[in-house]
Amino acid sequence: MIKHITKLMLGLSLIFSIYSCSKESPGDTPEPEPPGPDPNGLVYPAKEMRAVWLTTAWGLDWPLGDYTVAGQRQKYLAYLDKFKEMNVNTIFFQVRAMGDAYYASDYEPWATSITGTRGKDPGYDILTFLIEEAHARDIEFHAWMNPYRIATRANNGTAYPPLHSSINASWVVNHEKIQIYNPAREEVRKRIADIVKELISKYDVDGVHLDDYFYPDPSSAGVMISDQADYETYGSGFSTIQAWRRANVDKAIEGIHNAIVATKPGVVFSISPAASKDYNYNTLYADVAKWCQQGWLDLLIPQLYQEIGNNYNDFQTNLGIWTQFAYDVPVVIGHGFYKFGDSAQPAAFQSTTELEKQIDMAKKNKKIVGSAMYSAKYVLDNKIGIADKLSSLYEKPGVMPFLGRSNDAAPTSAANVRIEGNQLKWSTSGNVKSVVYYFPVVASGADRKGEVLAITEEHTIAVDKKGGYSVATLGVDHQESKPSDLVEKN
């Protein structure tokens with residue numbers, strides 16, 4: 001993620017003049033019409049992804065320098081139990097941060113942060129453990145990958161670690177402070193798609209997620225290796241080196257999308273761009289709007305880590321820009337959770353009110369389907385009670401939105417929904433869960449705003465409040481059936 005605490009900004013090219021972004025506006029693209037009013041005045045709560053990023057680069061969130069199997073398991077389960085308690089329903093876990101892996105790979109060595117030694121087998125199937133424990137708590141597991149970075153260093157005085165035996169050295173660029181796969185090479189783009197294919201073939205991940213490291217910002221990468229020679233070799237047909245760079249990244253993103261669709265189409269493909277759309281386009285050479293317009297992404301998660309009213313990257317302004325240029329792609333907002341309670345941050349982050357304002361602002365935009373917090377360890381730190389605030393905002397369970405592709409039909413609706421004494425009962429068919437909605441009693445003629453009472457595999461639940469109850473079923477891909485008619489408890 002960009003500008004995160006100790007994270008380094010990467011680089012790939014010479015310092016070059018910045019070209020302005022010139023693209024057609026999606027302003028004429030109509031937004032989908034909202035559903036008509038419920039004839040009974042029922043307002044069902046919106047679907048909502050509630051996510052947390054869990055960083056493994058440099059062991060930042062996990063495993064925090066703990067190289068023991070027991071310690072790693074304990075630390076991870078502590079996160080999951082806390083997230084479950086808070087009604088968080090998704091984690092973005094960094095499985096590939098430095099051209100390495102948190103699983104046995106034909107393409108990558110084991111990650112240094114697992115054992116302290118790059119390439120050392122940790123002695124257990126980490127990723128299976130991580131996924132199974134998340135799923136056991138009804139938390140989705142999205143595998144977060146960095147596409148190009150292989151290694152970092154402070155300067156030329158330190159050697160980069162040896163390349164994995166499967167890597168051709170000609171595919172790699174060694175800048176002063178960053179070693180990366182060369183985005184200009186077709187072999188590299190194929191390799192990245194193959195790495196994704198390997199991951200989703202072996203493991204039951206719910207999604208594949210990329211952060212914002214593409215062509216990185218040259219200002220923090222030290223002395224750069226020019227890509228002019230590559231442009232002259234591979235850039236035929238492009239009038240500028242900038243357009244060629246964007247095309248290189250475009251091909252990588254399209255290749256990942258195609259690999260997912262061909263291999264396991266139910267996997268959700270998401271990307272989290274930096275806050276400024278123009279910065280992504282002009283400096284990272286990431287034409288995110290094009291990826292959305294082409295349908296290569298299933299979910300967009302812009303990192304809006306600045307406060308409302310920021311002079312350079314205003315939260316509200318960027319929220320509007322990204323939802324406009326996401327086209328038909330759903331948007332989840334990334335929040336700078338790590339900033340809350342940090343005395344070095346602006347005054348807005350010294351109060352939990354800022355997070356509540358941001359989430360409330362996001363919920364008013366119908367293209368937004370949730371929020372993601374960077375990052376996990378700050379949830380446990382709970383500075384200024386910011387995790388407590390998030391828990392209060394997530395007091396009721398959140399139903400995950402349907403985000404990806406599916407060959408499955410929508411699930412069959414719940415049947416025979418009834419109240420017997422203080423028990424709500426119903427029946428279902430197929431591999432589904434049930435969502436129980438509760439609607440309080442309101443004055444005659446007023447809309448009844450519902451809340452999620454439970455998401456469950458059971459077929460009965462205790463109910464002790466007067467009001468209406470409705471049950472819908474959820475398929476494994478989060479497609480939801482038509483909710484049942486309301487049954488009233490008097």
# chains A, B, ... in the order shown; residues from 1 in each chain; ligands from 1
>>> closest_atom_pairs(of="region 385-438 of chain A", to="region 449-468 of chain A", cutoff="10 Å", atoms="only C-alpha atoms", output="JSON lines")
{"residue": "A:Glu395", "atom": "CA", "partner": "A:Val452", "partner_atom": "CA", "distance": 9.8}
{"residue": "A:Lys396", "atom": "CA", "partner": "A:Val452", "partner_atom": "CA", "distance": 6.1}
{"residue": "A:Pro397", "atom": "CA", "partner": "A:Val452", "partner_atom": "CA", "distance": 5.9}
{"residue": "A:Gly398", "atom": "CA", "partner": "A:Val452", "partner_atom": "CA", "distance": 7.0}
{"residue": "A:Val399", "atom": "CA", "partner": "A:Ile455", "partner_atom": "CA", "distance": 7.7}
{"residue": "A:Ala414", "atom": "CA", "partner": "A:His459", "partner_atom": "CA", "distance": 9.5}
{"residue": "A:Val417", "atom": "CA", "partner": "A:His459", "partner_atom": "CA", "distance": 9.5}
{"residue": "A:Arg418", "atom": "CA", "partner": "A:Thr460", "partner_atom": "CA", "distance": 9.7}
{"residue": "A:Ile419", "atom": "CA", "partner": "A:Val463", "partner_atom": "CA", "distance": 8.6}
{"residue": "A:Glu420", "atom": "CA", "partner": "A:Val463", "partner_atom": "CA", "distance": 9.7}
{"residue": "A:Gly421", "atom": "CA", "partner": "A:Val463", "partner_atom": "CA", "distance": 8.8}
{"residue": "A:Asn422", "atom": "CA", "partner": "A:Val463", "partner_atom": "CA", "distance": 5.3}
{"residue": "A:Gln423", "atom": "CA", "partner": "A:Ala462", "partner_atom": "CA", "distance": 4.6}
{"residue": "A:Leu424", "atom": "CA", "partner": "A:Ile461", "partner_atom": "CA", "distance": 5.3}
{"residue": "A:Lys425", "atom": "CA", "partner": "A:Thr460", "partner_atom": "CA", "distance": 4.4}
{"residue": "A:Trp426", "atom": "CA", "partner": "A:His459", "partner_atom": "CA", "distance": 5.5}
{"residue": "A:Ser427", "atom": "CA", "partner": "A:His459", "partner_atom": "CA", "distance": 6.0}
{"residue": "A:Thr428", "atom": "CA", "partner": "A:His459", "partner_atom": "CA", "distance": 7.7}
{"residue": "A:Asn431", "atom": "CA", "partner": "A:Glu457", "partner_atom": "CA", "distance": 9.4}
{"residue": "A:Val432", "atom": "CA", "partner": "A:Glu457", "partner_atom": "CA", "distance": 7.3}
{"residue": "A:Lys433", "atom": "CA", "partner": "A:Glu457", "partner_atom": "CA", "distance": 4.8}
{"residue": "A:Ser434", "atom": "CA", "partner": "A:Thr456", "partner_atom": "CA", "distance": 5.3}
{"residue": "A:Val435", "atom": "CA", "partner": "A:Ile455", "partner_atom": "CA", "distance": 4.6}
{"residue": "A:Val436", "atom": "CA", "partner": "A:Ala454", "partner_atom": "CA", "distance": 5.3}
{"residue": "A:Tyr437", "atom": "CA", "partner": "A:Val452", "partner_atom": "CA", "distance": 4.7}
{"residue": "A:Tyr438", "atom": "CA", "partner": "A:Gly450", "partner_atom": "CA", "distance": 5.4}
>>> select_by_dssp(residues="region 191-423 of chain A", states="strand (DSSP E)", output="count of residues only")
31
>>> residues_around(residues="region 363-366 of chain A", least_positions_apart="6", cutoff="12 Å", atoms="only C-alpha atoms", output="ChimeraX atom specification")
/A:31-35,45-49,316,319-324,328-333,356-357,393
>>> write_last_selection(atoms="N, CA and C atoms", output="CSV table (one decimal), in the first residue's frame")
chain,number,residue,atom,x,y,z
A,31,GLU,N,-26.0,5.6,-13.9
A,31,GLU,CA,-25.9,4.7,-12.8
A,31,GLU,C,-27.2,3.8,-12.8
A,32,PRO,N,-27.0,2.6,-12.2
A,32,PRO,CA,-28.2,1.7,-12.2
A,32,PRO,C,-29.3,2.4,-11.4
A,33,GLU,N,-30.5,2.1,-11.8
A,33,GLU,CA,-31.7,2.7,-11.1
A,33,GLU,C,-31.9,2.0,-9.8
A,34,PRO,N,-32.1,2.7,-8.7
A,34,PRO,CA,-32.4,2.1,-7.4
A,34,PRO,C,-33.7,1.3,-7.5
A,35,PRO,N,-33.8,0.2,-6.7
A,35,PRO,CA,-35.1,-0.5,-6.7
A,35,PRO,C,-36.2,0.4,-6.2
A,45,PRO,N,-31.4,-3.4,5.0
A,45,PRO,CA,-30.0,-2.8,5.1
A,45,PRO,C,-29.2,-3.1,3.9
A,46,ALA,N,-28.3,-2.2,3.5
A,46,ALA,CA,-27.5,-2.4,2.3
A,46,ALA,C,-26.4,-3.5,2.6
A,47,LYS,N,-26.0,-4.2,1.5
A,47,LYS,CA,-24.9,-5.2,1.7
A,47,LYS,C,-23.6,-4.4,2.0
A,48,GLU,N,-22.7,-5.1,2.7
A,48,GLU,CA,-21.5,-4.3,3.1
A,48,GLU,C,-20.3,-5.3,3.3
A,49,MET,N,-19.3,-5.1,2.5
A,49,MET,CA,-18.0,-5.7,2.9
A,49,MET,C,-17.3,-4.9,4.0
A,316,GLN,N,-13.3,13.4,0.6
A,316,GLN,CA,-14.6,13.5,-0.1
A,316,GLN,C,-14.4,13.7,-1.6
A,319,LEU,N,-13.3,10.4,-3.1
A,319,LEU,CA,-14.4,9.4,-3.1
A,319,LEU,C,-15.3,9.7,-4.3
A,320,GLY,N,-15.6,10.9,-4.6
A,320,GLY,CA,-16.5,11.2,-5.7
A,320,GLY,C,-15.8,10.9,-7.1
A,321,ILE,N,-14.5,11.1,-7.2
A,321,ILE,CA,-13.8,10.8,-8.4
A,321,ILE,C,-13.8,9.3,-8.7
A,322,TRP,N,-13.4,8.5,-7.7
A,322,TRP,CA,-13.3,7.1,-7.9
A,322,TRP,C,-14.7,6.4,-8.2
A,323,THR,N,-15.7,6.9,-7.5
A,323,THR,CA,-17.0,6.3,-7.8
A,323,THR,C,-17.5,6.6,-9.2
A,324,GLN,N,-17.1,7.8,-9.7
A,324,GLN,CA,-17.4,8.2,-11.0
A,324,GLN,C,-16.7,7.4,-12.0
A,328,ASP,N,-19.0,0.4,-13.8
A,328,ASP,CA,-20.0,-0.6,-13.2
A,328,ASP,C,-19.3,-1.4,-12.1
A,329,VAL,N,-18.1,-1.1,-11.8
A,329,VAL,CA,-17.3,-1.9,-10.8
A,329,VAL,C,-17.7,-1.4,-9.4
A,330,PRO,N,-18.1,-2.3,-8.5
A,330,PRO,CA,-18.4,-1.8,-7.1
A,330,PRO,C,-17.2,-1.3,-6.4
A,331,VAL,N,-17.4,-0.4,-5.5
A,331,VAL,CA,-16.3,0.3,-4.8
A,331,VAL,C,-16.4,0.0,-3.3
A,332,VAL,N,-15.2,-0.3,-2.7
A,332,VAL,CA,-15.1,-0.3,-1.3
A,332,VAL,C,-14.0,0.7,-0.9
A,333,ILE,N,-14.3,1.5,0.1
A,333,ILE,CA,-13.3,2.6,0.5
A,333,ILE,C,-12.3,2.1,1.5
A,356,GLU,N,-16.1,7.8,11.7
A,356,GLU,CA,-17.6,7.7,11.6
A,356,GLU,C,-18.1,8.6,10.4
A,357,LYS,N,-17.5,9.8,10.3
A,357,LYS,CA,-17.9,10.7,9.2
A,357,LYS,C,-17.6,10.1,7.8
A,393,LEU,N,-19.9,0.9,15.0
A,393,LEU,CA,-20.4,1.1,13.7
A,393,LEU,C,-20.8,-0.2,13.0
>>> residues_around(residues="region 171-182 of chain A", least_positions_apart="2", cutoff="10 Å", atoms="only C-alpha atoms", output="PyMOL selection string")
chain A and resi 8-13+98-99+147-158+160-161+163+167-169+184-189+191-192+214-216+220-227+230+248
>>> residues_around(residues="region 125-137 of chain A", least_positions_apart="5", cutoff="12 Å", atoms="only C-alpha atoms", output="PyMOL selection string")
chain A and resi 54+62-63+69-70+72-96+101-105+110-111+114-115+142-143+199-200+202-207+455-456+476
